[in-house]
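*Asks:* Here you go, one structure.
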Amino acid sequence: MNIPKAVKIGGKTYTVEITNKLDLGNVNYSGEINYSDLVIRICPQAQQKMEADFLHELMHGVMVHLGYSEHEEKKIEELASALYMVIKDNPELFAEKS
């Protein structure tokens with residue numbers, strides 16, 4: 001899985017940054033999404049951890065797009081983990097057709 005430099009969620013383009021500088025601080029966090037500045041930030045770590053964190057923040061963005069302002073972290077993590085498993089277990093679903 002590739003972490004893109006930008007991703008569209010509901011017509012809005014979010015810039016994706018790999019950085020140690022999170023607005024929330026990185027003591028208890030390894031990623032964040034800023035809805036005002038349209039940016040997703042992921043801390044540099046093992047590739048699989050960054051991919052999972054990216055999907056976690058992406059799920060937050062999807063939930064906001066759907067109108068849900070309250071997100072239970074446990075549910076977001078479960079959805080992101082399930083999506084990550086599907087992507088990793090079925091790479092042919094996301095491969096370009098030749």
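If you're wondering about the labels, chains in the structure tokens are A, B, ... by order shown, residues count from 1 in each chain, ligands from 1 in order shown.
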Which residues are near Ile87 (chain A)? Cut-off 12 Å, only C-alpha atoms, ignore same chain within fewer than 4 positions. Put them as a list in words.

*Replies:* Met1, Asn2, Gln48, Glu51, Ala52, Leu55, Ala80, Ser81, Ala82, Leu83, Pro91, Glu92, Leu93, Phe94 and Ala95 of chain A

*Asks:* Put those residues in a file: C-alpha atoms, as an mmCIF file, in the first residue's frame.

*Replies:*
data_model
loop_
_atom_site.group_PDB
_atom_site.id
_atom_site.type_symbol
_atom_site.label_atom_id
_atom_site.label_comp_id
_atom_site.auth_asym_id
_atom_site.auth_seq_id
_atom_site.Cartn_x
_atom_site.Cartn_y
_atom_site.Cartn_z
ATOM 1 C CA MET A 1 0.000 0.000 0.000
ATOM 2 C CA ASN A 2 1.269 3.470 -0.816
ATOM 3 C CA GLN A 48 2.856 -0.920 8.073
ATOM 4 C CA GLU A 51 -0.237 2.741 6.553
ATOM 5 C CA ALA A 52 -2.592 1.714 9.371
ATOM 6 C CA LEU A 55 -6.260 4.665 7.161
ATOM 7 C CA ALA A 80 -9.499 1.263 9.878
ATOM 8 C CA SER A 81 -8.030 -2.099 10.930
ATOM 9 C CA ALA A 82 -10.667 -4.016 8.985
ATOM 10 C CA LEU A 83 -10.076 -1.874 5.890
ATOM 11 C CA PRO A 91 -4.115 -6.415 -3.409
ATOM 12 C CA GLU A 92 -5.654 -7.365 -6.761
ATOM 13 C CA LEU A 93 -8.757 -5.334 -5.856
ATOM 14 C CA PHE A 94 -6.710 -2.151 -5.974
ATOM 15 C CA ALA A 95 -4.301 -2.964 -8.816
#

*Asks:* Using DSSP on the backbone coordinates, identify the residues of chain A assigned to alpha helix (DSSP H); present them as a ChimeraX atom specification.

*Replies:* /A:47-65,73-89

*Asks:* Would you please work out which residue, of A:Lys75, A:His60, A:Lys97, A:Arg41, is nearest to Thr15 (chain A) when using only C-alpha atoms?

*Replies:*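 Checking each of A:Lys75, A:His60, A:Lys97, A:Arg41 against Thr15 (chain A), counting only C-alpha atoms, the winner is A:Arg41.
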
*Asks:* For a quick check of understanding, using only C-alpha atoms, which of A:Tyr29, A:Val62, A:Leu24, A:Ser69 has the smallest distance to Val7 (chain A)?

*Replies:*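 Smallest separation from Val7 (chain A) among the options: A:Val62.
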
*Asks:* For Gly31 (chain A), list every protein, DNA or RNA residue within 12 Å, evaluated using only C-alpha atoms, and leave out those in the same chain fewer than 3 positions away; present the list as number ranges by chain.

*Replies:* A: 16-28, 34, 39-45, 49-58, 60

*Asks:* Would you mind exporting N, CA, C and O atoms of the selected residues as a compact mmCIF listing (two decimals), in the first residue's frame?

*Replies:*
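See again_17.txt below for the written result:
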# COMPACT_ATOMS: atom_id res chain seq x y z
N VAL A 16 -1.15 15.04 2.62
CA VAL A 16 -0.68 14.03 3.57
C VAL A 16 0.80 14.29 3.84
O VAL A 16 1.59 14.37 2.91
N GLU A 17 1.14 14.46 5.11
CA GLU A 17 2.52 14.74 5.51
C GLU A 17 3.02 13.64 6.44
O GLU A 17 2.31 13.21 7.34
N ILE A 18 4.25 13.23 6.21
CA ILE A 18 4.95 12.35 7.15
C ILE A 18 5.86 13.26 7.97
O ILE A 18 6.79 13.86 7.45
N THR A 19 5.54 13.42 9.25
CA THR A 19 6.24 14.39 10.09
C THR A 19 6.16 14.00 11.56
O THR A 19 5.21 13.32 11.96
N ASN A 20 7.13 14.43 12.33
CA ASN A 20 7.10 14.24 13.78
C ASN A 20 6.33 15.35 14.48
O ASN A 20 6.11 15.29 15.68
N LYS A 21 5.95 16.39 13.76
CA LYS A 21 5.30 17.55 14.37
C LYS A 21 3.79 17.46 14.19
O LYS A 21 3.26 17.81 13.14
N LEU A 22 3.11 17.01 15.23
CA LEU A 22 1.66 16.94 15.23
C LEU A 22 1.12 18.08 16.09
O LEU A 22 1.69 18.40 17.12
N ASP A 23 0.02 18.66 15.67
CA ASP A 23 -0.61 19.71 16.47
C ASP A 23 -1.04 19.16 17.83
O ASP A 23 -1.02 19.87 18.83
N LEU A 24 -1.43 17.90 17.87
CA LEU A 24 -1.87 17.27 19.11
C LEU A 24 -0.70 16.82 19.98
O LEU A 24 -0.90 16.39 21.10
N GLY A 25 0.51 16.90 19.44
CA GLY A 25 1.67 16.37 20.13
C GLY A 25 1.77 14.88 19.83
O GLY A 25 0.77 14.24 19.54
N ASN A 26 2.96 14.34 19.87
CA ASN A 26 3.08 12.93 19.50
C ASN A 26 3.39 12.02 20.69
O ASN A 26 3.91 10.94 20.53
N VAL A 27 3.00 12.45 21.88
CA VAL A 27 3.21 11.62 23.05
C VAL A 27 2.26 10.41 23.00
O VAL A 27 2.66 9.28 23.16
N ASN A 28 1.00 10.66 22.77
CA ASN A 28 0.00 9.59 22.72
C ASN A 28 -0.59 9.41 21.33
O ASN A 28 -1.51 8.63 21.17
N ASN A 34 -6.47 17.38 10.31
CA ASN A 34 -6.88 18.76 10.57
C ASN A 34 -7.90 19.12 9.50
O ASN A 34 -7.55 19.26 8.33
N VAL A 39 -5.31 18.72 6.14
CA VAL A 39 -4.03 18.02 6.19
C VAL A 39 -4.14 16.79 7.10
O VAL A 39 -4.80 16.83 8.15
N ILE A 40 -3.53 15.71 6.66
CA ILE A 40 -3.38 14.51 7.46
C ILE A 40 -1.89 14.39 7.76
O ILE A 40 -1.07 14.44 6.84
N ARG A 41 -1.56 14.24 9.03
CA ARG A 41 -0.15 14.09 9.42
C ARG A 41 0.06 12.71 10.05
O ARG A 41 -0.73 12.30 10.91
N ILE A 42 1.11 12.05 9.63
CA ILE A 42 1.47 10.73 10.12
C ILE A 42 2.92 10.78 10.60
O ILE A 42 3.79 11.28 9.89
N CYS A 43 3.18 10.27 11.80
CA CYS A 43 4.55 10.21 12.32
C CYS A 43 5.32 9.11 11.60
O CYS A 43 4.78 8.04 11.33
N PRO A 44 6.60 9.37 11.30
CA PRO A 44 7.42 8.34 10.66
C PRO A 44 7.66 7.17 11.61
O PRO A 44 8.04 7.36 12.77
N GLN A 45 7.37 5.98 11.12
CA GLN A 45 7.50 4.74 11.88
C GLN A 45 7.68 3.60 10.88
O GLN A 45 7.93 3.85 9.71
N LYS A 49 2.83 0.37 10.13
CA LYS A 49 2.20 1.21 11.16
C LYS A 49 1.73 2.53 10.56
O LYS A 49 0.63 3.00 10.85
N MET A 50 2.56 3.12 9.69
CA MET A 50 2.15 4.38 9.04
C MET A 50 0.95 4.15 8.15
O MET A 50 0.04 4.99 8.10
N GLU A 51 0.91 3.04 7.43
CA GLU A 51 -0.24 2.74 6.55
C GLU A 51 -1.51 2.60 7.39
O GLU A 51 -2.55 3.15 7.03
N ALA A 52 -1.43 1.89 8.49
CA ALA A 52 -2.59 1.71 9.37
C ALA A 52 -3.03 3.05 9.97
O ALA A 52 -4.23 3.35 10.04
N ASP A 53 -2.06 3.87 10.38
CA ASP A 53 -2.39 5.19 10.94
C ASP A 53 -3.03 6.08 9.88
O ASP A 53 -3.97 6.83 10.16
N PHE A 54 -2.53 6.02 8.64
CA PHE A 54 -3.12 6.80 7.55
C PHE A 54 -4.58 6.41 7.36
O PHE A 54 -5.45 7.27 7.26
N LEU A 55 -4.87 5.10 7.34
CA LEU A 55 -6.26 4.67 7.16
C LEU A 55 -7.13 5.09 8.34
O LEU A 55 -8.29 5.43 8.16
N HIS A 56 -6.56 5.09 9.53
CA HIS A 56 -7.29 5.55 10.72
C HIS A 56 -7.72 7.02 10.54
O HIS A 56 -8.89 7.36 10.74
N GLU A 57 -6.78 7.86 10.13
CA GLU A 57 -7.10 9.28 9.94
C GLU A 57 -8.05 9.46 8.75
O GLU A 57 -8.94 10.31 8.79
N LEU A 58 -7.89 8.65 7.72
CA LEU A 58 -8.80 8.68 6.57
C LEU A 58 -10.22 8.37 7.01
O LEU A 58 -11.17 9.03 6.57
N HIS A 60 -11.53 8.95 9.93
CA HIS A 60 -12.04 10.16 10.58
C HIS A 60 -12.56 11.14 9.52
O HIS A 60 -13.65 11.71 9.68

*Asks:* So how many Å separate CA of Ile9 (chain A) and CA of Gly61 (chain A), to one decimal?

*Replies:*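 Pair CA of Ile9 (chain A) / CA of Gly61 (chain A) returns 6.6 Å.
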
*Asks:* Using backbone DSSP assignments, extract all strand (DSSP E or B) residues from chain A; output them as a short mmCIF file (atom, residue, chain, number, x, y, z; two decimals) with all heavy atoms, in the first residue's frame.

*Replies:*
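See states-v8.cif below for the written result:
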data_model
loop_
_atom_site.label_atom_id
_atom_site.label_comp_id
_atom_site.auth_asym_id
_atom_site.auth_seq_id
_atom_site.Cartn_x
_atom_site.Cartn_y
_atom_site.Cartn_z
N ALA A 6 -1.47 13.21 -1.31
CA ALA A 6 -2.76 13.88 -1.15
C ALA A 6 -3.86 12.85 -1.35
O ALA A 6 -3.68 11.85 -2.05
CB ALA A 6 -2.90 15.02 -2.15
N VAL A 7 -5.00 13.10 -0.70
CA VAL A 7 -6.15 12.21 -0.84
C VAL A 7 -7.42 13.05 -0.83
O VAL A 7 -7.52 14.03 -0.07
CB VAL A 7 -6.17 11.14 0.29
CG1 VAL A 7 -6.31 11.76 1.66
CG2 VAL A 7 -7.23 10.10 0.04
N LYS A 8 -8.38 12.70 -1.70
CA LYS A 8 -9.66 13.41 -1.72
C LYS A 8 -10.67 12.67 -0.85
O LYS A 8 -10.82 11.46 -0.95
CB LYS A 8 -10.21 13.49 -3.15
CG LYS A 8 -9.55 14.55 -3.97
CD LYS A 8 -10.29 14.74 -5.27
CE LYS A 8 -9.66 15.86 -6.06
NZ LYS A 8 -10.39 16.11 -7.30
N ILE A 9 -11.34 13.44 -0.01
CA ILE A 9 -12.42 12.93 0.83
C ILE A 9 -13.60 13.87 0.65
O ILE A 9 -13.51 15.03 1.02
CB ILE A 9 -12.02 12.86 2.32
CG1 ILE A 9 -10.74 12.05 2.53
CG2 ILE A 9 -13.17 12.29 3.15
CD1 ILE A 9 -10.18 12.12 3.95
N LYS A 12 -12.92 17.23 -1.06
CA LYS A 12 -11.86 18.06 -0.48
C LYS A 12 -10.54 17.31 -0.58
O LYS A 12 -10.48 16.12 -0.26
CB LYS A 12 -12.15 18.38 0.99
CG LYS A 12 -13.41 19.20 1.19
CD LYS A 12 -13.69 19.38 2.65
CE LYS A 12 -15.02 20.10 2.81
NZ LYS A 12 -15.64 19.78 4.07
N THR A 13 -9.50 18.01 -0.99
CA THR A 13 -8.18 17.38 -1.12
C THR A 13 -7.36 17.66 0.13
O THR A 13 -7.08 18.82 0.44
CB THR A 13 -7.45 17.90 -2.37
OG1 THR A 13 -8.25 17.62 -3.52
CG2 THR A 13 -6.10 17.22 -2.52
N TYR A 14 -7.02 16.59 0.83
CA TYR A 14 -6.19 16.68 2.02
C TYR A 14 -4.74 16.40 1.64
O TYR A 14 -4.46 15.41 0.95
CB TYR A 14 -6.63 15.64 3.06
CG TYR A 14 -7.90 15.98 3.78
CD1 TYR A 14 -9.14 15.81 3.17
CD2 TYR A 14 -7.87 16.48 5.08
CE1 TYR A 14 -10.31 16.11 3.83
CE2 TYR A 14 -9.05 16.79 5.75
CZ TYR A 14 -10.26 16.61 5.11
OH TYR A 14 -11.42 16.92 5.77
N THR A 15 -3.83 17.24 2.06
CA THR A 15 -2.41 16.99 1.91
C THR A 15 -2.02 15.98 2.98
O THR A 15 -2.51 16.03 4.11
CB THR A 15 -1.61 18.29 2.13
OG1 THR A 15 -2.04 19.25 1.16
CG2 THR A 15 -0.12 18.05 1.97
N VAL A 16 -1.15 15.04 2.62
CA VAL A 16 -0.68 14.03 3.57
C VAL A 16 0.80 14.29 3.84
O VAL A 16 1.59 14.37 2.91
CB VAL A 16 -0.89 12.61 3.02
CG1 VAL A 16 -0.39 11.58 4.02
CG2 VAL A 16 -2.37 12.37 2.68
N GLU A 17 1.14 14.46 5.11
CA GLU A 17 2.52 14.74 5.51
C GLU A 17 3.02 13.64 6.44
O GLU A 17 2.31 13.21 7.34
CB GLU A 17 2.60 16.07 6.26
CG GLU A 17 2.15 17.27 5.48
CD GLU A 17 2.14 18.54 6.31
OE1 GLU A 17 2.38 18.49 7.55
OE2 GLU A 17 1.86 19.60 5.74
N ILE A 18 4.25 13.23 6.21
CA ILE A 18 4.95 12.35 7.15
C ILE A 18 5.86 13.26 7.97
O ILE A 18 6.79 13.86 7.45
CB ILE A 18 5.78 11.27 6.42
CG1 ILE A 18 4.93 10.51 5.39
CG2 ILE A 18 6.44 10.33 7.43
CD1 ILE A 18 3.78 9.73 5.97
N GLY A 31 -0.74 10.04 14.59
CA GLY A 31 -1.34 10.64 13.41
C GLY A 31 -2.44 11.59 13.81
O GLY A 31 -2.93 11.55 14.95
N GLU A 32 -2.82 12.46 12.86
CA GLU A 32 -3.92 13.39 13.12
C GLU A 32 -4.47 13.88 11.80
O GLU A 32 -3.81 13.80 10.76
CB GLU A 32 -3.44 14.58 13.95
CG GLU A 32 -2.47 15.49 13.23
CD GLU A 32 -1.91 16.60 14.11
OE1 GLU A 32 -2.14 16.61 15.32
OE2 GLU A 32 -1.21 17.47 13.55
N ILE A 33 -5.70 14.38 11.85
CA ILE A 33 -6.31 15.01 10.69
C ILE A 33 -6.77 16.40 11.12
O ILE A 33 -7.35 16.55 12.19
CB ILE A 33 -7.47 14.16 10.11
CG1 ILE A 33 -8.02 14.79 8.83
CG2 ILE A 33 -8.55 13.91 11.14
CD1 ILE A 33 -8.95 13.88 8.04
N ASN A 34 -6.47 17.38 10.31
CA ASN A 34 -6.88 18.76 10.57
C ASN A 34 -7.90 19.12 9.50
O ASN A 34 -7.55 19.26 8.33
CB ASN A 34 -5.66 19.69 10.54
CG ASN A 34 -6.01 21.10 10.90
OD1 ASN A 34 -6.96 21.67 10.35
ND2 ASN A 34 -5.25 21.69 11.81
N VAL A 39 -5.31 18.72 6.14
CA VAL A 39 -4.03 18.02 6.19
C VAL A 39 -4.14 16.79 7.10
O VAL A 39 -4.80 16.83 8.15
CB VAL A 39 -2.89 18.95 6.64
CG1 VAL A 39 -3.09 19.46 8.04
CG2 VAL A 39 -1.54 18.29 6.50
N ILE A 40 -3.53 15.71 6.66
CA ILE A 40 -3.38 14.51 7.46
C ILE A 40 -1.89 14.39 7.76
O ILE A 40 -1.07 14.44 6.84
CB ILE A 40 -3.89 13.26 6.71
CG1 ILE A 40 -5.41 13.34 6.51
CG2 ILE A 40 -3.50 11.97 7.47
CD1 ILE A 40 -5.98 12.24 5.64
N ARG A 41 -1.56 14.24 9.03
CA ARG A 41 -0.15 14.09 9.42
C ARG A 41 0.06 12.71 10.05
O ARG A 41 -0.73 12.30 10.91
CB ARG A 41 0.25 15.17 10.42
CG ARG A 41 0.25 16.56 9.82
CD ARG A 41 0.75 17.61 10.81
NE ARG A 41 0.56 18.93 10.26
CZ ARG A 41 -0.49 19.71 10.52
NH1 ARG A 41 -1.43 19.31 11.33
NH2 ARG A 41 -0.59 20.91 9.95
N ILE A 42 1.11 12.05 9.63
CA ILE A 42 1.47 10.73 10.12
C ILE A 42 2.92 10.78 10.60
O ILE A 42 3.79 11.28 9.89
CB ILE A 42 1.33 9.66 9.02
CG1 ILE A 42 -0.08 9.67 8.39
CG2 ILE A 42 1.70 8.27 9.54
CD1 ILE A 42 -1.21 9.35 9.33
#

*Asks:* Smallest atom-to-atom distance to Met59 (chain A): which of A:Gly10, A:Ala46, A:Glu96, A:Asp37, using only C-alpha atoms?

*Replies:*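 Among the listed residues, the smallest separation from Met59 (chain A) belongs to A:Gly10.
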
*Asks:* Tell me, in Å to one decimal, how far CA of Asp89 (chain A) is from CA of Tyr68 (chain A).

*Replies:*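 Straight-line distance from CA of Asp89 (chain A) to CA of Tyr68 (chain A) works out to 28.7 Å.
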